[in-house]
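Visitor: Structure file data-v2.cif (mmCIF, C-alpha atoms) is given on the next line.
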```cif
data_coords
loop_
_atom_site.group_PDB
_atom_site.id
_atom_site.type_symbol
_atom_site.label_atom_id
_atom_site.label_comp_id
_atom_site.auth_asym_id
_atom_site.auth_seq_id
_atom_site.Cartn_x
_atom_site.Cartn_y
_atom_site.Cartn_z
ATOM 1 C CA MET A 1 57.802 108.269 115.907
ATOM 2 C CA PHE A 2 55.416 110.962 117.114
ATOM 3 C CA LEU A 3 52.684 110.524 119.708
ATOM 4 C CA ALA A 4 49.591 112.722 119.648
ATOM 5 C CA GLY A 5 46.230 112.773 121.337
ATOM 6 C CA ASP A 6 45.314 110.076 123.848
ATOM 7 C CA ALA A 7 48.461 108.131 122.954
ATOM 8 C CA ALA A 8 50.482 111.040 124.326
ATOM 9 C CA HIS A 9 48.453 111.919 127.409
ATOM 10 C CA VAL A 10 46.039 109.463 129.013
ATOM 11 C CA HIS A 11 44.256 111.035 131.948
ATOM 12 C CA SER A 12 40.978 111.472 133.765
ATOM 13 C CA SER A 13 38.044 112.740 131.737
ATOM 14 C CA SER A 14 37.370 115.390 134.401
ATOM 15 C CA GLY A 15 36.856 118.739 132.716
ATOM 16 C CA GLY A 16 36.572 117.271 129.215
ATOM 17 C CA GLN A 17 40.097 118.323 128.298
ATOM 18 C CA GLY A 18 41.177 115.376 126.142
ATOM 19 C CA LEU A 19 39.597 116.238 122.799
ATOM 20 C CA ASN A 20 40.755 119.871 122.749
ATOM 21 C CA THR A 21 44.297 118.827 123.607
ATOM 22 C CA SER A 22 44.321 116.053 121.017
ATOM 23 C CA VAL A 23 43.184 118.368 118.226
ATOM 24 C CA GLN A 24 45.849 120.901 119.225
ATOM 25 C CA ASP A 25 48.506 118.160 119.142
ATOM 26 C CA ALA A 26 47.412 117.061 115.687
ATOM 27 C CA TYR A 27 47.337 120.544 114.187
ATOM 28 C CA ASN A 28 50.642 121.500 115.762
ATOM 29 C CA LEU A 29 52.284 118.385 114.324
ATOM 30 C CA GLY A 30 50.361 118.403 111.051
ATOM 31 C CA TRP A 31 51.590 121.703 109.634
ATOM 32 C CA LYS A 32 55.144 120.888 110.705
ATOM 33 C CA LEU A 33 55.037 117.511 108.958
ATOM 34 C CA GLY A 34 53.743 119.268 105.853
ATOM 35 C CA MET A 35 56.572 121.789 105.989
ATOM 36 C CA ALA A 36 59.204 119.092 106.533
ATOM 37 C CA LEU A 37 57.904 117.108 103.570
ATOM 38 C CA THR A 38 57.759 120.073 101.182
ATOM 39 C CA THR A 39 60.996 121.813 102.195
ATOM 40 C CA GLY A 40 63.143 118.944 103.452
ATOM 41 C CA ARG A 41 63.948 120.916 106.613
ATOM 42 C CA ASP A 42 62.881 118.364 109.163
ATOM 43 C CA TRP A 43 64.442 120.205 112.122
ATOM 44 C CA VAL A 44 61.084 121.919 112.568
ATOM 45 C CA LEU A 45 59.697 118.585 113.828
ATOM 46 C CA ASN A 46 61.854 118.939 116.949
ATOM 47 C CA THR A 47 59.640 121.847 118.005
ATOM 48 C CA TYR A 48 56.601 119.559 118.389
ATOM 49 C CA GLY A 49 57.823 118.140 121.686
ATOM 50 C CA GLU A 50 59.286 121.474 122.713
ATOM 51 C CA GLU A 51 55.883 123.150 122.441
ATOM 52 C CA ARG A 52 53.427 120.409 123.330
ATOM 53 C CA LEU A 53 55.102 118.551 126.209
ATOM 54 C CA PRO A 54 54.678 121.476 128.654
ATOM 55 C CA VAL A 55 51.015 121.702 127.631
ATOM 56 C CA ALA A 56 50.506 117.981 128.290
ATOM 57 C CA GLU A 57 52.228 118.215 131.674
ATOM 58 C CA ASP A 58 50.029 121.140 132.687
ATOM 59 C CA LEU A 59 46.954 119.284 131.439
ATOM 60 C CA LEU A 60 47.680 116.158 133.464
ATOM 61 C CA GLY A 61 48.245 118.217 136.582
ATOM 62 C CA ARG A 62 44.931 120.005 136.087
ATOM 63 C CA THR A 63 42.846 116.899 135.357
ATOM 64 C CA ASN A 64 44.440 115.015 138.276
ATOM 65 C CA ARG A 65 43.446 117.825 140.635
ATOM 66 C CA MET A 66 39.916 117.913 139.216
ATOM 67 C CA HIS A 67 39.636 114.126 139.458
ATOM 68 C CA GLY A 68 40.739 114.210 143.074
ATOM 69 C CA ARG A 69 38.210 116.915 143.846
ATOM 70 C CA ASP A 70 35.324 115.177 142.053
ATOM 71 C CA PHE A 71 35.918 111.675 143.469
ATOM 72 C CA ASP A 72 37.190 112.417 146.972
ATOM 73 C CA THR A 73 34.812 110.617 149.342
ATOM 74 C CA ASN A 74 36.247 112.125 152.530
ATOM 75 C CA PRO A 75 33.458 114.387 153.919
ATOM 76 C CA ARG A 76 36.039 116.791 155.356
ATOM 77 C CA HIS A 77 37.359 117.443 151.854
ATOM 78 C CA GLN A 78 33.977 118.047 150.246
ATOM 79 C CA THR A 79 33.316 121.494 148.825
ATOM 80 C CA ALA A 80 30.151 123.031 147.512
ATOM 81 C CA ALA A 81 29.292 122.115 143.947
ATOM 82 C CA PRO A 82 30.277 124.826 141.458
ATOM 83 C CA THR A 83 27.478 127.113 140.317
ATOM 84 C CA LEU A 84 26.889 128.778 136.978
ATOM 85 C CA ASP A 85 27.660 132.235 138.376
ATOM 86 C CA VAL A 86 31.243 131.230 139.244
ATOM 87 C CA PRO A 87 33.491 131.697 136.196
ATOM 88 C CA ALA A 88 35.579 128.712 135.161
ATOM 89 C CA PRO A 89 39.355 129.176 135.251
ATOM 90 C CA PRO A 90 40.779 130.330 131.878
ATOM 91 C CA GLY A 91 42.952 127.232 131.633
ATOM 92 C CA LEU A 92 39.838 125.060 131.405
ATOM 93 C CA PHE A 93 39.062 126.563 127.988
ATOM 94 C CA GLN A 94 42.686 126.211 126.826
ATOM 95 C CA LEU A 95 42.619 129.688 125.301
ATOM 96 C CA ASP A 96 45.651 130.827 127.303
ATOM 97 C CA ILE A 97 48.129 128.279 125.904
ATOM 98 C CA THR A 98 51.317 129.970 124.771
ATOM 99 C CA TYR A 99 54.591 128.922 123.174
ATOM 100 C CA ARG A 100 56.516 131.999 124.318
ATOM 101 C CA GLY A 101 60.262 131.531 124.433
ATOM 102 C CA THR A 102 60.307 128.485 122.135
ATOM 103 C CA SER A 103 62.355 128.131 118.957
ATOM 104 C CA LEU A 104 59.651 129.267 116.531
ATOM 105 C CA SER A 105 58.475 132.262 118.585
ATOM 106 C CA GLN A 106 60.434 135.433 117.879
ATOM 107 C CA GLU A 107 59.958 138.940 119.276
ATOM 108 C CA ARG A 108 61.705 141.685 117.321
ATOM 109 C CA ARG A 109 60.355 144.765 119.079
ATOM 110 C CA THR A 110 62.142 146.994 121.524
ATOM 111 C CA ALA A 111 58.960 147.496 123.539
ATOM 112 C CA LEU A 112 57.002 144.314 124.267
ATOM 113 C CA GLY A 113 53.231 144.324 124.159
ATOM 114 C CA ARG A 114 50.696 142.287 126.085
ATOM 115 C CA VAL A 115 50.247 139.917 123.115
ATOM 116 C CA ARG A 116 53.556 138.305 122.169
ATOM 117 C CA ALA A 117 55.093 135.732 119.875
ATOM 118 C CA GLY A 118 53.914 132.283 120.924
ATOM 119 C CA ASP A 119 50.488 133.453 122.087
ATOM 120 C CA ARG A 120 47.241 132.446 120.428
ATOM 121 C CA ALA A 121 46.311 135.138 117.899
ATOM 122 C CA PRO A 122 43.186 136.981 119.118
ATOM 123 C CA GLY A 123 40.091 136.956 116.958
ATOM 124 C CA VAL A 124 38.259 140.259 116.534
ATOM 125 C CA ARG A 125 35.237 141.387 114.537
ATOM 126 C CA CYS A 126 36.321 143.877 111.887
ATOM 127 C CA GLN A 127 35.157 144.906 108.399
ATOM 128 C CA ASP A 128 36.379 144.237 104.896
ATOM 129 C CA ASP A 129 37.180 147.036 102.454
ATOM 130 C CA ALA A 130 33.503 147.195 101.411
ATOM 131 C CA GLY A 131 32.253 147.573 104.992
ATOM 132 C CA GLY A 132 31.034 144.004 105.310
ATOM 133 C CA PRO A 133 31.525 141.967 108.515
ATOM 134 C CA LEU A 134 34.778 140.041 108.820
ATOM 135 C CA ARG A 135 36.432 138.148 111.655
ATOM 136 C CA LEU A 136 40.166 137.727 111.979
ATOM 137 C CA PHE A 137 39.546 134.040 112.733
ATOM 138 C CA ASP A 138 38.104 133.755 109.218
ATOM 139 C CA LEU A 139 41.433 134.956 107.824
ATOM 140 C CA PHE A 140 43.379 132.356 109.836
ATOM 141 C CA ARG A 141 41.238 129.368 108.810
ATOM 142 C CA GLY A 142 43.269 126.970 106.678
ATOM 143 C CA PRO A 143 46.795 125.534 106.412
ATOM 144 C CA HIS A 144 48.369 128.833 105.337
ATOM 145 C CA TRP A 145 50.365 131.473 107.215
ATOM 146 C CA THR A 146 48.747 134.868 107.814
ATOM 147 C CA LEU A 147 50.451 138.234 108.135
ATOM 148 C CA LEU A 148 48.604 141.062 109.893
ATOM 149 C CA VAL A 149 50.256 144.465 109.565
ATOM 150 C CA PHE A 150 48.842 147.265 111.702
ATOM 151 C CA VAL A 151 49.580 150.269 109.516
ATOM 152 C CA ALA A 152 50.078 153.665 111.119
ATOM 153 C CA GLU A 153 48.195 156.544 109.514
ATOM 154 C CA GLY A 154 50.128 157.916 106.572
ATOM 155 C CA MET A 155 52.169 154.742 106.084
ATOM 156 C CA SER A 156 51.901 152.797 102.835
ATOM 157 C CA VAL A 157 50.346 149.337 102.772
ATOM 158 C CA PRO A 158 53.107 146.691 102.533
ATOM 159 C CA PRO A 159 53.221 144.979 99.123
ATOM 160 C CA PRO A 160 52.176 141.325 98.859
ATOM 161 C CA PRO A 161 54.802 138.616 98.367
ATOM 162 C CA GLU A 162 56.173 138.274 94.870
ATOM 163 C CA ALA A 163 53.690 136.494 92.611
ATOM 164 C CA GLY A 164 54.468 132.850 91.994
ATOM 165 C CA SER A 165 56.806 132.461 94.964
ATOM 166 C CA ARG A 166 56.335 129.802 97.657
ATOM 167 C CA CYS A 167 55.874 132.649 100.113
ATOM 168 C CA GLU A 168 53.057 134.055 98.004
ATOM 169 C CA ALA A 169 51.375 130.638 97.846
ATOM 170 C CA ASP A 170 51.590 129.882 101.576
ATOM 171 C CA LEU A 171 51.236 133.377 103.067
ATOM 172 C CA ARG A 172 48.224 135.676 103.061
ATOM 173 C CA CYS A 173 48.912 139.309 103.933
ATOM 174 C CA TYR A 174 46.456 141.869 105.307
ATOM 175 C CA ALA A 175 46.856 145.505 106.270
ATOM 176 C CA ILE A 176 44.872 146.522 109.372
ATOM 177 C CA LEU A 177 43.677 150.109 108.902
ATOM 178 C CA ASP A 178 41.567 152.302 111.154
ATOM 179 C CA HIS A 179 39.838 153.863 108.135
ATOM 180 C CA ALA A 180 38.632 152.820 104.706
ATOM 181 C CA PRO A 181 41.410 153.088 102.085
ATOM 182 C CA SER A 182 41.116 155.423 99.121
ATOM 183 C CA GLU A 183 41.409 152.390 96.846
ATOM 184 C CA PRO A 184 39.573 149.237 97.990
ATOM 185 C CA GLY A 185 41.541 146.003 98.048
ATOM 186 C CA ASP A 186 41.047 142.455 99.226
ATOM 187 C CA ARG A 187 44.163 142.711 101.426
ATOM 188 C CA VAL A 188 42.674 145.416 103.647
ATOM 189 C CA VAL A 189 40.903 144.972 106.990
ATOM 190 C CA ILE A 190 39.122 147.908 108.617
ATOM 191 C CA ASP A 191 39.660 147.996 112.382
ATOM 192 C CA VAL A 192 36.276 149.147 113.649
ATOM 193 C CA ASP A 193 36.530 151.196 116.863
ATOM 194 C CA ALA A 194 40.191 150.098 117.198
ATOM 195 C CA ARG A 195 39.089 146.685 118.476
ATOM 196 C CA ALA A 196 41.984 144.885 116.823
ATOM 197 C CA ARG A 197 44.570 147.380 118.086
ATOM 198 C CA VAL A 198 43.221 146.918 121.604
ATOM 199 C CA ALA A 199 43.141 143.110 121.314
ATOM 200 C CA TYR A 200 46.708 142.993 119.959
ATOM 201 C CA ASP A 201 47.905 145.789 122.265
ATOM 202 C CA VAL A 202 49.204 147.993 119.446
ATOM 203 C CA ARG A 203 49.371 151.698 120.190
ATOM 204 C CA ALA A 204 47.811 154.174 117.798
ATOM 205 C CA GLY A 205 50.457 155.454 115.420
ATOM 206 C CA ASP A 206 52.628 152.315 115.644
ATOM 207 C CA THR A 207 53.248 149.948 112.757
ATOM 208 C CA VAL A 208 53.498 146.351 114.004
ATOM 209 C CA ALA A 209 53.383 143.080 112.067
ATOM 210 C CA PHE A 210 52.093 139.774 113.477
ATOM 211 C CA LEU A 211 52.929 136.592 111.578
ATOM 212 C CA VAL A 212 50.377 133.904 112.463
ATOM 213 C CA ARG A 213 51.181 130.211 112.029
ATOM 214 C CA PRO A 214 48.763 127.692 110.453
ATOM 215 C CA ASP A 215 47.715 126.575 113.957
ATOM 216 C CA GLY A 216 46.659 130.094 114.981
ATOM 217 C CA HIS A 217 49.632 130.935 117.205
ATOM 218 C CA ILE A 218 51.820 133.978 116.603
ATOM 219 C CA ALA A 219 55.260 133.125 115.238
ATOM 220 C CA LEU A 220 56.809 136.569 114.859
ATOM 221 C CA VAL A 221 56.079 140.067 116.110
ATOM 222 C CA THR A 222 58.081 142.893 114.589
ATOM 223 C CA SER A 223 57.998 146.609 113.948
ATOM 224 C CA ASP A 224 59.620 146.037 110.551
ATOM 225 C CA PRO A 225 57.580 143.946 108.074
ATOM 226 C CA ALA A 226 60.845 143.297 106.196
ATOM 227 C CA ASP A 227 61.700 140.803 108.984
ATOM 228 C CA VAL A 228 58.942 138.480 107.771
ATOM 229 C CA PRO A 229 60.691 137.152 104.613
ATOM 230 C CA ASP A 230 63.839 136.526 106.692
ATOM 231 C CA TYR A 231 61.865 134.530 109.244
ATOM 232 C CA LEU A 232 60.110 132.449 106.602
ATOM 233 C CA ALA A 233 63.349 131.888 104.692
ATOM 234 C CA ALA A 234 64.841 130.352 107.841
ATOM 235 C CA LEU A 235 62.023 127.810 107.799
#
```
Take the structure in the file and write it out as structure tokens.
Guide:
Amino acid sequence: MFLAGDAAHVHSSSGGQGLNTSVQDAYNLGWKLGMALTTGRDWVLNTYGEERLPVAEDLLGRTNRMHGRDFDTNPRHQTAAPTLDVPAPPGLFQLDITYRGTSLSQERRTALGRVRAGDRAPGVRCQDDAGGPLRLFDLFRGPHWTLLVFVAEGMSVPPPPEAGSRCEADLRCYAILDHAPSEPGDRVVIDVDARARVAYDVRAGDTVAFLVRPDGHIALVTSDPADVPDYLAAL
């Protein structure tokens, strides 16, 4: 039995945190159920509690503190009401949730970057091969896996998975280039003004691959794109 949403974490409505957390629970569990049903490898379901329980515990602590602040009637404990010019803490938006160090998050680089396996994959405005607007979030949308390969200048674009394979059906691969390729292709993303390299903390001249899970979190970071098939094969 799996619990998700309000069944898994009942708490004060302070901060409006329940819906975001419930949707995250459902998506985290949903793609894992799908994988277990299609591959028969149900061990992946054990990672649901591993990843989401710490999030729920942090959530309850935050909403309890906010509830206590909002409903404390002791005048000595009253504080000034928050104003619009005071930024809300990042945790309130739940954009800083990470699964670093868990079973499905693997770092295979010698030098770690600011964005690591387990983190939420940043979304950046880029361009497609024809110069049209494109957001990385648009590439992630759906139940598939996404591979972003930052390709150093002079390096060849990694080939797509073998046609007809399960990997090819479930994985969409994109090369992130800082310039338009000589031959346009639908697997190419142009990194305008190096925004993506900055967001993903990839140095110019480095080739780094980020494998993004169906729920938008990074599963694998590696300097060798050949590690990706090995990772997926293990699943």
Visitor: For the structure provided, state which residues fall under the PyMOL selection byres ((chain A and resi 107) around 6), and present them as a CSV table (one decimal) with C-alpha atoms, keeping the file's coordinate frame.
Guide:
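Produced file out.csv, reproduced below:
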```
chain,number,residue,atom,x,y,z
A,106,GLN,CA,60.4,135.4,117.9
A,108,ARG,CA,61.7,141.7,117.3
A,109,ARG,CA,60.4,144.8,119.1
A,117,ALA,CA,55.1,135.7,119.9
A,220,LEU,CA,56.8,136.6,114.9
A,221,VAL,CA,56.1,140.1,116.1
```
Visitor: Give me the segment 102-142 of chain A side of the contact with segment 209-217 of chain A, cut-off 6 Å, one line per residue showing its nearest atom pair and distance in Å at one decimal, counting all atoms listed in the file, sorted by chain and residue number, as a Markdown table.
Guide:
```
| residue | atom | partner | partner_atom | distance |
| --- | --- | --- | --- | --- |
| A:Gly118 | CA | A:His217 | CA | 5.8 |
| A:Asp119 | CA | A:His217 | CA | 5.6 |
| A:Arg120 | CA | A:His217 | CA | 4.3 |
| A:Ala121 | CA | A:His217 | CA | 5.4 |
```
Visitor: With distances taken over all atoms listed in the file, which of A:Tyr174, A:Asp201, A:Arg116, A:Ser12 is nearest to Gly61 of chain A?
Guide: A:Ser12
Visitor: Determine the residue membership of the PyMOL selection byres ((chain A and resi 128-135) around 6) for the file above and supply it as a VMD selection string.
Guide: chain A and resid 124 to 127 136 to 138 184 188 to 190
Visitor: Can I get the selection written as a PDB file, in the coordinates of the input, with C-alpha atoms?
Guide:
```
ATOM      1  CA  VAL A 124      38.259 140.259 116.534  1.00  0.00           C
ATOM      2  CA  ARG A 125      35.237 141.387 114.537  1.00  0.00           C
ATOM      3  CA  CYS A 126      36.321 143.877 111.887  1.00  0.00           C
ATOM      4  CA  GLN A 127      35.157 144.906 108.399  1.00  0.00           C
ATOM      5  CA  LEU A 136      40.166 137.727 111.979  1.00  0.00           C
ATOM      6  CA  PHE A 137      39.546 134.040 112.733  1.00  0.00           C
ATOM      7  CA  ASP A 138      38.104 133.755 109.218  1.00  0.00           C
ATOM      8  CA  PRO A 184      39.573 149.237  97.990  1.00  0.00           C
ATOM      9  CA  VAL A 188      42.674 145.416 103.647  1.00  0.00           C
ATOM     10  CA  VAL A 189      40.903 144.972 106.990  1.00  0.00           C
ATOM     11  CA  ILE A 190      39.122 147.908 108.617  1.00  0.00           C
TER      12      ILE A 190
END
```
Visitor: Choose the residue, out of A:Pro225, A:Gly49, A:Gly113, A:Pro143, that has the smallest atom-to-atom separation from Val202 of chain A; count only C-alpha atoms.
Guide: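 Result for the nearest residue to Val202 of chain A: A:Gly113.
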Visitor: Do you know which residues are at most 12 Å from Gln24 of chain A counting only C-alpha atoms, after dropping those on the same chain fewer than 3 positions away, and could you put them as a PyMOL selection string?
Guide: chain A and resi 4-6+17-21+27-31+48+51-53+55-56+94-95+97-98+120+214-217
Visitor: Could you check the closest approach to Ser22 of chain A for each of A:Ala7, A:Met35, A:Leu60, A:Leu232 and tell me which residue wins, using only C-alpha atoms?
Guide: A:Ala7
Visitor: Residues near Val208 of chain A, anyone? I mean within 7 Å using only C-alpha atoms, not counting same-chain ones fewer than 2 positions away, as a PDB file with C-alpha atoms, keeping the file's coordinate frame.
Guide:
```pdb
ATOM      1  CA  VAL A 149      50.256 144.465 109.565  1.00  0.00           C
ATOM      2  CA  PHE A 150      48.842 147.265 111.702  1.00  0.00           C
ATOM      3  CA  ASP A 206      52.628 152.315 115.644  1.00  0.00           C
ATOM      4  CA  PHE A 210      52.093 139.774 113.477  1.00  0.00           C
ATOM      5  CA  THR A 222      58.081 142.893 114.589  1.00  0.00           C
ATOM      6  CA  SER A 223      57.998 146.609 113.948  1.00  0.00           C
TER       7      SER A 223
END
```
Visitor: Which value, in Å to one decimal, gives the distance between atom CA of Val151 of chain A and atom CA of Arg114 of chain A?
Guide: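 Value for the atom CA of Val151 of chain A-atom CA of Arg114 of chain A distance: 18.4 Å.
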Visitor: Could you jot down the atom CA of Tyr200 of chain A to atom CA of Cys173 of chain A separation for me, Å, one decimal place?
Guide: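 Computing it gives 16.6 Å between the two atoms.
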Visitor: Hey, can you check how far atom CA of Thr47 of chain A sits from atom CA of His144 of chain A?
Guide: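 Between atom CA of Thr47 of chain A and atom CA of His144 of chain A the gap works out to 18.3 Å.
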Visitor: Quick one: which residues end up in the PyMOL selection byres ((chain A and resi 63) around 10) for this structure, as a VMD selection string?
Guide: chain A and resid 11 to 18 58 to 62 64 to 69 92
Visitor: Here is a test: counting only C-alpha atoms, which residue of A:Pro54, A:His9, A:Ala152, A:Val23 is nearest to Ala204 of chain A?
Guide: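 Closest residue, counting only C-alpha atoms: A:Ala152.
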Visitor: I want to know what sits within 10 Å of Arg41 of chain A, based on only C-alpha atoms, with residues of the same chain fewer than 5 positions away left out; could you give that as a list in words?
Guide: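 Skipping anything fewer than 5 positions along the chain leaves Lys32, Leu33, Met35, Ala36, Ala234 and Leu235 of chain A.
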